[in-house]
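> File structure33.cif below, mmCIF, C-alpha atoms and all ligand atoms:
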```cif
data_entry
#
loop_
_atom_site.label_atom_id
_atom_site.label_comp_id
_atom_site.auth_asym_id
_atom_site.auth_seq_id
_atom_site.Cartn_x
_atom_site.Cartn_y
_atom_site.Cartn_z
CA MET A 1439 12.54 -1.44 1.03
CA ASN A 1440 14.44 -1.29 -2.24
CA LYS A 1441 17.00 -3.97 -2.97
CA ILE A 1442 19.87 -3.59 -5.42
CA VAL A 1443 21.82 -6.58 -6.73
CA VAL A 1444 25.38 -5.85 -7.86
CA THR A 1445 26.85 -8.76 -9.83
CA ARG A 1446 30.54 -7.92 -9.50
CA GLN A 1447 32.93 -6.54 -6.90
CA ILE A 1448 33.10 -2.76 -7.28
CA PRO A 1449 34.85 -0.25 -5.00
CA GLN A 1450 33.18 0.44 -1.66
CA LYS A 1451 32.73 4.15 -2.47
CA PHE A 1452 30.12 3.14 -5.07
CA ILE A 1453 28.43 0.55 -2.85
CA ALA A 1454 28.16 3.22 -0.13
CA GLN A 1455 26.20 5.46 -2.49
CA LEU A 1456 23.78 2.64 -3.25
CA GLU A 1457 23.43 1.76 0.44
CA GLU A 1458 22.07 5.26 1.07
CA ILE A 1459 18.95 4.33 -0.84
CA ALA A 1460 18.58 0.56 -0.56
CA GLU A 1461 19.68 -2.78 0.76
CA VAL A 1462 22.56 -3.90 -1.44
CA GLU A 1463 23.54 -7.48 -2.27
CA VAL A 1464 26.97 -7.73 -3.87
CA TRP A 1465 28.59 -10.71 -5.57
CA ASN A 1466 32.04 -9.97 -4.20
CA GLU A 1467 34.17 -11.48 -6.96
CA LYS A 1468 36.42 -9.55 -9.32
CA PHE A 1469 36.74 -12.10 -12.09
CA ILE A 1470 34.13 -14.79 -11.48
CA PRO A 1471 30.64 -13.94 -12.70
CA MET A 1472 27.68 -14.47 -10.39
CA PRO A 1473 26.34 -17.96 -11.20
CA ARG A 1474 23.07 -17.78 -13.15
CA GLU A 1475 21.05 -19.74 -10.52
CA LYS A 1476 22.31 -17.46 -7.77
CA PHE A 1477 21.46 -14.38 -9.85
CA LEU A 1478 17.95 -15.65 -10.57
CA LEU A 1479 17.38 -16.15 -6.85
CA SER A 1480 18.86 -12.79 -5.90
CA ILE A 1481 16.74 -10.75 -8.29
CA LYS A 1482 13.43 -12.27 -7.10
CA ASP A 1483 12.90 -9.39 -4.67
CA ALA A 1484 15.22 -6.83 -6.29
CA THR A 1485 14.13 -3.41 -7.49
CA ALA A 1486 17.39 -2.69 -9.31
CA CYS A 1487 20.38 -4.56 -10.62
CA PHE A 1488 23.85 -3.52 -11.68
CA VAL A 1489 25.08 -6.00 -14.28
CA THR A 1490 27.93 -6.61 -16.70
CA LEU A 1491 28.02 -8.38 -20.05
CA SER A 1492 28.42 -11.69 -18.21
CA GLU A 1493 24.76 -11.60 -17.18
CA LYS A 1494 22.15 -12.53 -19.76
CA ILE A 1495 19.02 -10.55 -18.98
CA ASP A 1496 16.45 -12.52 -20.97
CA GLU A 1497 12.72 -13.19 -20.58
CA THR A 1498 13.28 -16.01 -18.05
CA CYS A 1499 15.31 -13.70 -15.90
CA LEU A 1500 12.88 -10.78 -16.19
CA ASN A 1501 9.96 -13.11 -15.30
CA GLU A 1502 11.74 -13.94 -12.03
CA ALA A 1503 11.90 -10.29 -10.95
CA PRO A 1504 8.42 -8.77 -10.61
CA ASN A 1505 9.65 -5.74 -8.61
CA LEU A 1506 12.51 -4.84 -10.93
CA LYS A 1507 12.55 -1.20 -12.09
CA ILE A 1508 16.01 -0.84 -13.62
CA VAL A 1509 18.82 -2.89 -15.11
CA ALA A 1510 21.98 -0.76 -15.23
CA ASN A 1511 24.41 -2.37 -17.66
CA MET A 1512 28.09 -1.56 -17.16
CA ALA A 1513 28.75 -1.34 -20.89
CA VAL A 1514 27.67 0.76 -23.83
CA GLY A 1515 26.63 -2.38 -25.76
CA PHE A 1516 23.51 -4.12 -24.46
CA ASP A 1517 23.22 -7.23 -26.61
CA ASN A 1518 23.14 -9.24 -23.34
CA ILE A 1519 19.73 -7.76 -22.52
CA ASP A 1520 16.31 -8.33 -24.12
CA ILE A 1521 15.36 -4.67 -24.11
CA ASP A 1522 11.94 -5.25 -25.69
CA VAL A 1523 10.79 -7.69 -23.00
CA ALA A 1524 12.22 -5.33 -20.38
CA LYS A 1525 10.20 -2.50 -21.87
CA GLN A 1526 6.99 -4.57 -21.90
CA LYS A 1527 7.55 -5.25 -18.21
CA GLY A 1528 8.23 -1.58 -17.46
CA VAL A 1529 11.91 -2.19 -16.63
CA THR A 1530 14.26 0.62 -17.63
CA VAL A 1531 17.55 -0.51 -19.14
CA THR A 1532 20.52 1.86 -19.06
CA ASN A 1533 24.01 1.68 -20.58
CA THR A 1534 27.23 3.69 -20.30
CA PRO A 1535 27.69 5.74 -23.49
CA GLU A 1536 30.15 8.63 -23.91
CA VAL A 1537 32.20 7.99 -20.75
CA LEU A 1538 34.07 5.15 -22.50
CA THR A 1539 34.28 6.52 -26.04
CA GLU A 1540 37.84 7.89 -26.03
CA THR A 1541 39.30 5.00 -24.02
CA THR A 1542 37.79 2.40 -26.35
CA ALA A 1543 38.87 4.27 -29.49
CA GLU A 1544 42.37 4.45 -28.01
CA LEU A 1545 42.46 0.67 -27.52
CA GLY A 1546 41.31 0.21 -31.12
CA PHE A 1547 44.14 2.45 -32.25
CA THR A 1548 46.60 0.53 -30.10
CA LEU A 1549 45.49 -2.73 -31.73
CA MET A 1550 45.80 -1.24 -35.20
CA LEU A 1551 49.35 0.00 -34.59
CA ALA A 1552 50.34 -3.18 -32.75
CA THR A 1553 49.19 -5.45 -35.59
CA ALA A 1554 50.58 -3.16 -38.30
CA ARG A 1555 54.02 -3.06 -36.68
CA ARG A 1556 53.94 -6.63 -35.33
CA ILE A 1557 54.63 -5.47 -31.78
CA VAL A 1558 53.53 -8.64 -29.99
CA GLU A 1559 55.55 -10.86 -32.34
CA ALA A 1560 58.58 -8.58 -31.94
CA GLU A 1561 58.44 -8.76 -28.17
CA GLN A 1562 58.09 -12.56 -28.27
CA TYR A 1563 61.03 -12.72 -30.69
CA ILE A 1564 63.27 -11.21 -28.03
CA GLN A 1565 61.76 -13.25 -25.17
CA GLU A 1566 62.43 -16.44 -27.15
CA GLY A 1567 66.09 -15.48 -27.61
CA GLN A 1568 65.76 -15.27 -31.39
CA TRP A 1569 67.35 -11.81 -31.74
CA LYS A 1570 70.80 -12.62 -33.09
CA SER A 1571 71.36 -9.75 -35.51
CA TRP A 1572 69.69 -6.93 -37.36
CA GLY A 1573 68.15 -7.76 -40.77
CA PRO A 1574 66.83 -5.51 -43.56
CA TYR A 1575 63.30 -6.91 -43.31
CA LEU A 1576 63.38 -8.15 -39.73
CA LEU A 1577 59.78 -8.05 -38.48
CA SER A 1578 58.86 -5.51 -41.12
CA GLY A 1579 55.23 -4.50 -41.02
CA LYS A 1580 52.84 -2.11 -42.64
CA ASP A 1581 52.46 1.68 -42.49
CA VAL A 1582 49.30 3.23 -41.15
CA TYR A 1583 50.55 6.60 -42.40
CA GLY A 1584 49.19 7.31 -45.86
CA SER A 1585 46.95 4.22 -45.88
CA THR A 1586 43.20 3.84 -46.43
CA VAL A 1587 41.30 3.05 -43.25
CA GLY A 1588 37.72 1.75 -43.44
CA ILE A 1589 35.57 2.09 -40.34
CA PHE A 1590 32.54 -0.18 -39.99
CA GLY A 1591 30.14 1.52 -37.56
CA MET A 1592 30.43 5.30 -37.34
CA GLY A 1593 28.95 5.84 -33.88
CA ASP A 1594 30.71 7.72 -31.08
CA ILE A 1595 33.62 5.25 -30.96
CA GLY A 1596 33.99 5.15 -34.76
CA LYS A 1597 34.15 8.95 -34.83
CA ALA A 1598 36.69 9.10 -31.98
CA PHE A 1599 38.78 6.54 -33.88
CA ALA A 1600 38.53 8.58 -37.10
CA LYS A 1601 39.65 11.75 -35.26
CA ARG A 1602 42.80 9.96 -34.15
CA LEU A 1603 43.67 9.21 -37.78
CA LYS A 1604 44.12 12.89 -38.55
CA GLY A 1605 47.85 12.93 -37.91
CA PHE A 1606 48.38 9.83 -40.03
CA ASN A 1607 47.44 11.34 -43.41
CA THR A 1608 45.00 8.52 -44.11
CA LYS A 1609 42.05 8.30 -46.47
CA ILE A 1610 39.05 7.56 -44.25
CA LEU A 1611 36.19 5.43 -45.56
CA TYR A 1612 33.23 4.35 -43.48
CA HIS A 1613 30.14 2.22 -43.67
CA ASN A 1614 27.21 2.85 -41.38
CA ARG A 1615 23.43 2.39 -41.56
CA SER A 1616 22.99 6.15 -41.69
CA ARG A 1617 25.22 8.74 -43.37
CA GLN A 1618 27.09 10.93 -40.89
CA GLU A 1619 27.37 14.17 -42.84
CA ALA A 1620 28.87 16.18 -39.98
CA THR A 1621 31.67 13.60 -39.68
CA GLU A 1622 32.17 13.59 -43.44
CA ASN A 1623 32.68 17.35 -43.38
CA GLU A 1624 34.71 17.49 -40.19
CA LEU A 1625 37.05 14.57 -40.87
CA GLY A 1626 36.86 14.17 -44.62
CA ALA A 1627 35.44 10.65 -44.21
CA THR A 1628 33.67 9.12 -47.20
CA TRP A 1629 30.62 6.84 -46.94
CA VAL A 1630 31.03 3.71 -49.06
CA SER A 1631 29.09 0.47 -49.48
CA PHE A 1632 30.16 -2.46 -47.31
CA ASP A 1633 31.80 -4.15 -50.31
CA GLU A 1634 33.74 -1.01 -51.24
CA LEU A 1635 34.91 -0.70 -47.64
CA LEU A 1636 36.29 -4.24 -47.80
CA GLU A 1637 37.82 -3.91 -51.26
CA GLU A 1638 39.53 -0.55 -50.78
CA SER A 1639 40.72 -0.46 -47.16
CA ASP A 1640 44.20 -1.31 -45.92
CA PHE A 1641 42.79 -1.44 -42.40
CA VAL A 1642 39.18 -2.46 -41.74
CA VAL A 1643 38.13 -1.43 -38.25
CA CYS A 1644 34.88 -2.70 -36.75
CA THR A 1645 33.37 -0.58 -33.98
CA ALA A 1646 29.74 -1.60 -34.57
CA PRO A 1647 27.27 -2.98 -32.01
CA LEU A 1648 25.95 -6.54 -32.31
CA THR A 1649 22.49 -6.62 -33.89
CA ASP A 1650 20.60 -9.08 -36.13
CA GLU A 1651 21.99 -7.08 -39.04
CA THR A 1652 25.66 -7.14 -37.96
CA LYS A 1653 25.81 -10.76 -36.70
CA HIS A 1654 28.48 -12.64 -38.73
CA LYS A 1655 28.73 -9.70 -41.12
CA PHE A 1656 32.45 -10.48 -41.38
CA ASN A 1657 32.27 -13.96 -42.89
CA ALA A 1658 33.99 -15.90 -45.68
CA SER A 1659 32.45 -13.80 -48.42
CA ALA A 1660 33.51 -10.56 -46.68
CA PHE A 1661 37.11 -11.69 -46.04
CA GLU A 1662 37.39 -12.82 -49.68
CA LYS A 1663 36.82 -9.22 -50.76
CA MET A 1664 39.54 -7.74 -48.56
CA LYS A 1665 43.01 -6.84 -49.85
CA SER A 1666 45.47 -9.66 -49.25
CA ASP A 1667 47.74 -7.28 -47.29
CA SER A 1668 44.96 -5.71 -45.25
CA ILE A 1669 44.47 -5.87 -41.49
CA PHE A 1670 41.17 -6.45 -39.69
CA ILE A 1671 40.51 -4.92 -36.25
CA ASN A 1672 37.45 -5.64 -34.11
CA ILE A 1673 36.55 -3.63 -31.00
CA GLY A 1674 32.75 -4.01 -31.43
CA ARG A 1675 31.41 -7.44 -30.52
CA GLY A 1676 32.85 -10.88 -31.21
CA ALA A 1677 29.79 -12.32 -32.90
CA ILE A 1678 30.01 -9.73 -35.71
CA VAL A 1679 32.79 -12.00 -36.96
CA ASN A 1680 32.56 -15.63 -38.01
CA GLU A 1681 35.85 -16.68 -36.42
CA GLU A 1682 36.10 -19.96 -38.29
CA ASP A 1683 35.90 -18.00 -41.55
CA LEU A 1684 38.46 -15.51 -40.24
CA VAL A 1685 40.92 -18.30 -39.41
CA ASN A 1686 40.45 -19.81 -42.89
CA ALA A 1687 40.89 -16.43 -44.54
CA LEU A 1688 44.13 -15.78 -42.62
CA ASN A 1689 45.38 -19.26 -43.54
CA LYS A 1690 44.58 -18.65 -47.20
CA GLY A 1691 46.33 -15.27 -47.14
CA GLN A 1692 43.14 -13.36 -47.93
CA LEU A 1693 44.19 -10.81 -45.34
CA LEU A 1694 47.47 -10.15 -43.57
CA ALA A 1695 46.60 -9.97 -39.89
CA CYS A 1696 43.90 -9.27 -37.34
CA GLY A 1697 43.58 -7.61 -33.96
CA LEU A 1698 40.58 -8.60 -31.86
CA ASP A 1699 39.52 -7.23 -28.48
CA VAL A 1700 36.19 -9.09 -28.61
CA LEU A 1701 35.55 -12.76 -29.35
CA GLU A 1702 32.64 -14.99 -30.26
CA GLN A 1703 33.18 -16.85 -27.02
CA GLU A 1704 34.64 -14.96 -24.05
CA PRO A 1705 36.94 -16.09 -22.54
CA ILE A 1706 38.37 -17.63 -25.72
CA ALA A 1707 39.12 -21.38 -25.51
CA MET A 1708 42.84 -21.97 -25.02
CA ASP A 1709 42.91 -24.35 -28.02
CA HIS A 1710 41.36 -21.77 -30.36
CA PRO A 1711 43.37 -21.65 -33.62
CA LEU A 1712 43.61 -17.84 -33.46
CA LEU A 1713 45.81 -18.13 -30.38
CA LYS A 1714 48.42 -20.02 -32.39
CA MET A 1715 48.61 -17.49 -35.21
CA PRO A 1716 51.48 -15.00 -34.96
CA ASN A 1717 49.52 -12.53 -37.11
CA ALA A 1718 46.52 -12.48 -34.76
CA VAL A 1719 46.66 -10.20 -31.73
CA ILE A 1720 43.96 -11.25 -29.27
CA LEU A 1721 43.00 -9.21 -26.21
CA PRO A 1722 40.66 -10.09 -23.30
CA HIS A 1723 37.94 -7.45 -23.98
CA ILE A 1724 39.76 -4.49 -22.44
CA GLY A 1725 38.43 -1.73 -24.71
CA SER A 1726 37.17 0.50 -21.91
CA ALA A 1727 39.67 -0.67 -19.30
CA SER A 1728 41.34 2.45 -17.97
CA GLU A 1729 40.95 3.12 -14.23
CA ASN A 1730 39.34 6.46 -14.90
CA THR A 1731 36.85 5.18 -17.46
CA ARG A 1732 35.87 2.14 -15.41
CA ASN A 1733 35.21 4.50 -12.45
CA ASN A 1734 33.10 6.72 -14.69
CA MET A 1735 31.14 3.75 -16.06
CA ILE A 1736 30.38 2.49 -12.55
CA GLN A 1737 29.38 5.97 -11.37
CA LEU A 1738 27.01 6.34 -14.33
CA CYS A 1739 25.37 3.00 -13.46
CA VAL A 1740 25.01 4.13 -9.84
CA ASP A 1741 23.53 7.47 -10.91
CA ASN A 1742 21.05 5.73 -13.20
CA ILE A 1743 19.94 3.42 -10.39
CA LYS A 1744 19.63 6.33 -7.95
CA ALA A 1745 17.56 8.32 -10.43
CA VAL A 1746 15.11 5.50 -11.20
CA LEU A 1747 14.68 4.40 -7.58
CA ASN A 1748 13.98 8.05 -6.72
CA ASN A 1749 11.25 8.06 -9.40
CA LYS A 1750 13.24 10.32 -11.72
CA SER A 1751 14.13 9.69 -15.38
CA ALA A 1752 17.18 7.56 -16.05
CA ILE A 1753 20.20 9.48 -17.39
CA THR A 1754 21.13 7.09 -20.19
CA PRO A 1755 18.15 4.83 -20.92
CA VAL A 1756 18.20 2.58 -23.99
CA ASN A 1757 14.58 1.44 -23.98
CA SER A 1758 12.53 4.44 -22.88
C1 LIG A 1801 32.60 -3.18 -21.15
C2 LIG A 1801 32.06 -3.01 -23.64
O1 LIG A 1801 33.53 -2.74 -20.27
O2 LIG A 1801 30.91 -1.05 -23.15
C3 LIG A 1801 30.92 -2.08 -23.80
O3 LIG A 1801 30.02 -2.38 -24.60
O4 LIG A 1801 32.20 -3.91 -24.37
C4 LIG A 1801 33.04 -2.78 -22.54
O5 LIG A 1801 33.32 -1.42 -22.49
C5 LIG A 1801 32.50 -4.62 -20.91
O6 LIG A 1801 31.67 -5.17 -21.83
C6 LIG A 1801 32.01 -4.93 -19.50
O7 LIG A 1801 30.62 -5.05 -19.37
#
```
Can you present the structure in this file as structure tokens?
Ligand code: 8YV

Amino acid sequence: MNKIVVTRQIPQKFIAQLEEIAEVEVWNEKFIPMPREKFLLSIKDATACFVTLSEKIDETCLNEAPNLKIVANMAVGFDNIDIDVAKQKGVTVTNTPEVLTETTAELGFTLMLATARRIVEAEQYIQEGQWKSWGPYLLSGKDVYGSTVGIFGMGDIGKAFAKRLKGFNTKILYHNRSRQEATENELGATWVSFDELLEESDFVVCTAPLTDETKHKFNASAFEKMKSDSIFINIGRGAIVNEEDLVNALNKGQLLACGLDVLEQEPIAMDHPLLKMPNAVILPHIGSASENTRNNMIQLCVDNIKAVLNNKSAITPVNS
């Protein structure tokens, strides 16, 4: 008998699909991750598991699960999973590409506009009863229109972000491991070195995945190269940024503001200096959080599990 472990509460309509093919064990919590010890016990006899970024699927964990055939990750990023060890053990790992591209790009765009026009500060200004009169430079921000936007990571989300810039008459720069000639032609984006991206952009937008190469890529030396009135947006992964360096750079005025949907430590500690900075907009990792997209991500995980347990190829494998 197949057994599927689901590490978070998901709607019954998805559980019902899994129950057609296996015994299903669900950790029925919306916001509390399944404790590690409990997870390690649960996967001992599991053939499949449906996980989120909260679960670290490392060698220890994979050693505990001799019958495991598939780990379906409810995310496009899979830095929480040791995909090489999984491959050695014959475990298929799947992610959720494409279904979340537009929603995540949209959140990135929201963060860019919100930081540029100081939306969170402006709302707090009213809430705090500070709005006494109109002023010529009251909460004046920065135009996206006509600016230079530099995208770090030109994958699906980077491209969807670039498409959205079309109506804003921006110059689009990008830095990516590989040149994306189709995107260059379609959107008029220009490949530049990482340093040029930092030096020339008014908005630097990170959409890259976390890898050995991108870890702490945005550090003191990177922030030093940015324009003093530039804005940094991160919708990739928190650890691409050295947050201590970012705080110092903001304090020194090496950049104007930042908007982060992803943090080095999630949830962020309530005494983190970024939370006290009016020019830092911090979100709780909601890039793909629209009802529709979350449904589509869950369905894709379910379909991947069904395929593998029925001895078919996974739909979106990352380590095949
Ligand atoms: C996920 C994400 O929703 O897909 C990713 O890589 O970061 C988000 O879309 C989140 O990580 C939950 O696992």
> Show which residues sit within 6 Å of segment 1498-1509 of chain A, as JSON, numbers by chain. Count only C-alpha atoms, and ignore same-chain residues fewer than 6 positions away.
{"A": [1481, 1482, 1484, 1485, 1486, 1487, 1529, 1530, 1531]}
> Got a sec to check which residues lie within 7 Å of ligand LIG 1801 (chain A), using all atoms listed in the file, and send them as a list in words?
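Answer in the requested format: Thr1490, Leu1491, Asn1511, Met1512, Ala1513, Val1514, Gly1515, Phe1516, Thr1534, Leu1538, His1723, Ile1724, Gly1725, Ser1726 and Ala1727 of chain A.
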> Would you mind listing, for every residue of segment 1634-1738 of chain A within 9 Å of segment 1588-1609 of chain A, the two atoms forming the shortest contact and the distance between them in Å to one decimal, using only C-alpha atoms, sorted by chain and ascending residue number, as JSON lines?

```
{"residue": "A:Leu1635", "atom": "CA", "partner": "A:Gly1588", "partner_atom": "CA", "distance": 5.6}
{"residue": "A:Leu1636", "atom": "CA", "partner": "A:Gly1588", "partner_atom": "CA", "distance": 7.5}
{"residue": "A:Glu1638", "atom": "CA", "partner": "A:Gly1588", "partner_atom": "CA", "distance": 7.9}
{"residue": "A:Ser1639", "atom": "CA", "partner": "A:Gly1588", "partner_atom": "CA", "distance": 5.3}
{"residue": "A:Asp1640", "atom": "CA", "partner": "A:Gly1588", "partner_atom": "CA", "distance": 7.6}
{"residue": "A:Phe1641", "atom": "CA", "partner": "A:Gly1588", "partner_atom": "CA", "distance": 6.1}
{"residue": "A:Val1642", "atom": "CA", "partner": "A:Gly1588", "partner_atom": "CA", "distance": 4.8}
{"residue": "A:Val1643", "atom": "CA", "partner": "A:Ile1589", "partner_atom": "CA", "distance": 4.8}
{"residue": "A:Cys1644", "atom": "CA", "partner": "A:Phe1590", "partner_atom": "CA", "distance": 4.7}
{"residue": "A:Thr1645", "atom": "CA", "partner": "A:Gly1591", "partner_atom": "CA", "distance": 5.3}
{"residue": "A:Ala1646", "atom": "CA", "partner": "A:Gly1591", "partner_atom": "CA", "distance": 4.3}
{"residue": "A:Pro1647", "atom": "CA", "partner": "A:Gly1591", "partner_atom": "CA", "distance": 7.7}
{"residue": "A:Gly1674", "atom": "CA", "partner": "A:Gly1591", "partner_atom": "CA", "distance": 8.7}
```
> Find the residues with any atom within 12 Å of (34.2, -18.4, -40.0); use all atoms listed in the file and the coordinates as given in the file, and write the answer as a list in words.
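Residues lying no farther than 12 Å from the given point: Lys1653, His1654, Lys1655, Phe1656, Asn1657, Ala1658, Ser1659, Ala1660, Phe1661, Glu1662, Gly1676, Ala1677, Ile1678, Val1679, Asn1680, Glu1681, Glu1682, Asp1683, Leu1684, Val1685, Asn1686, Ala1687, Leu1688, Asn1689, Glu1702, Pro1711 and Leu1712 of chain A.
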> Keeping only C-alpha atoms, write those residues as a PDB file, keeping the file's coordinate frame.

```
ATOM      1  CA  LYS A1653      25.810 -10.760 -36.700  1.00  0.00           C
ATOM      2  CA  HIS A1654      28.480 -12.640 -38.730  1.00  0.00           C
ATOM      3  CA  LYS A1655      28.730  -9.700 -41.120  1.00  0.00           C
ATOM      4  CA  PHE A1656      32.450 -10.480 -41.380  1.00  0.00           C
ATOM      5  CA  ASN A1657      32.270 -13.960 -42.890  1.00  0.00           C
ATOM      6  CA  ALA A1658      33.990 -15.900 -45.680  1.00  0.00           C
ATOM      7  CA  SER A1659      32.450 -13.800 -48.420  1.00  0.00           C
ATOM      8  CA  ALA A1660      33.510 -10.560 -46.680  1.00  0.00           C
ATOM      9  CA  PHE A1661      37.110 -11.690 -46.040  1.00  0.00           C
ATOM     10  CA  GLU A1662      37.390 -12.820 -49.680  1.00  0.00           C
ATOM     11  CA  GLY A1676      32.850 -10.880 -31.210  1.00  0.00           C
ATOM     12  CA  ALA A1677      29.790 -12.320 -32.900  1.00  0.00           C
ATOM     13  CA  ILE A1678      30.010  -9.730 -35.710  1.00  0.00           C
ATOM     14  CA  VAL A1679      32.790 -12.000 -36.960  1.00  0.00           C
ATOM     15  CA  ASN A1680      32.560 -15.630 -38.010  1.00  0.00           C
ATOM     16  CA  GLU A1681      35.850 -16.680 -36.420  1.00  0.00           C
ATOM     17  CA  GLU A1682      36.100 -19.960 -38.290  1.00  0.00           C
ATOM     18  CA  ASP A1683      35.900 -18.000 -41.550  1.00  0.00           C
ATOM     19  CA  LEU A1684      38.460 -15.510 -40.240  1.00  0.00           C
ATOM     20  CA  VAL A1685      40.920 -18.300 -39.410  1.00  0.00           C
ATOM     21  CA  ASN A1686      40.450 -19.810 -42.890  1.00  0.00           C
ATOM     22  CA  ALA A1687      40.890 -16.430 -44.540  1.00  0.00           C
ATOM     23  CA  LEU A1688      44.130 -15.780 -42.620  1.00  0.00           C
ATOM     24  CA  ASN A1689      45.380 -19.260 -43.540  1.00  0.00           C
ATOM     25  CA  GLU A1702      32.640 -14.990 -30.260  1.00  0.00           C
ATOM     26  CA  PRO A1711      43.370 -21.650 -33.620  1.00  0.00           C
ATOM     27  CA  LEU A1712      43.610 -17.840 -33.460  1.00  0.00           C
TER      28      LEU A1712
END
```
> Go ahead and compute the interatomic distance for atom CA of Val1700 of chain A and atom CA of Ile1453 of chain A, in Å to one decimal.
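About the pair atom CA of Val1700 of chain A and atom CA of Ile1453 of chain A: they are 28.6 Å apart.
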> Would you compute, for all listed atoms of segment 1700-1705 of chain A, the axis-aligned bounding box grown by 4 Å on each side, and then report its centre and edge lengths in Å rounded to one decimal, as lines of an AutoDock Vina configuration file?

```
center_x = 34.8
center_y = -13.0
center_z = -26.4
size_x = 12.3
size_y = 15.8
size_z = 15.7
```
> For Leu1577 of chain A, work out the shell of residues within 8 Å, counting all atoms listed in the file and skipping chain neighbours fewer than 3 positions away, then give it as a list of chain:residue names.
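My reading of the contact set: A:Arg1555, A:Arg1556, A:Glu1559, A:Ala1560.
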> Go through A:Lys1494, A:Lys1744, A:Lys1750, A:Lys1580 one by one, measure the shortest atom-to-atom distance of each to Ile1459 of chain A using all atoms listed in the file, and give the residue with the smallest value.
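Ranking A:Lys1494, A:Lys1744, A:Lys1750, A:Lys1580 by distance to Ile1459 of chain A, first place goes to A:Lys1744.
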> In Å, rounded to a single decimal, give me how far atom CA of Ser1585 of chain A is from atom CA of Asp1633 of chain A.
17.9 Å
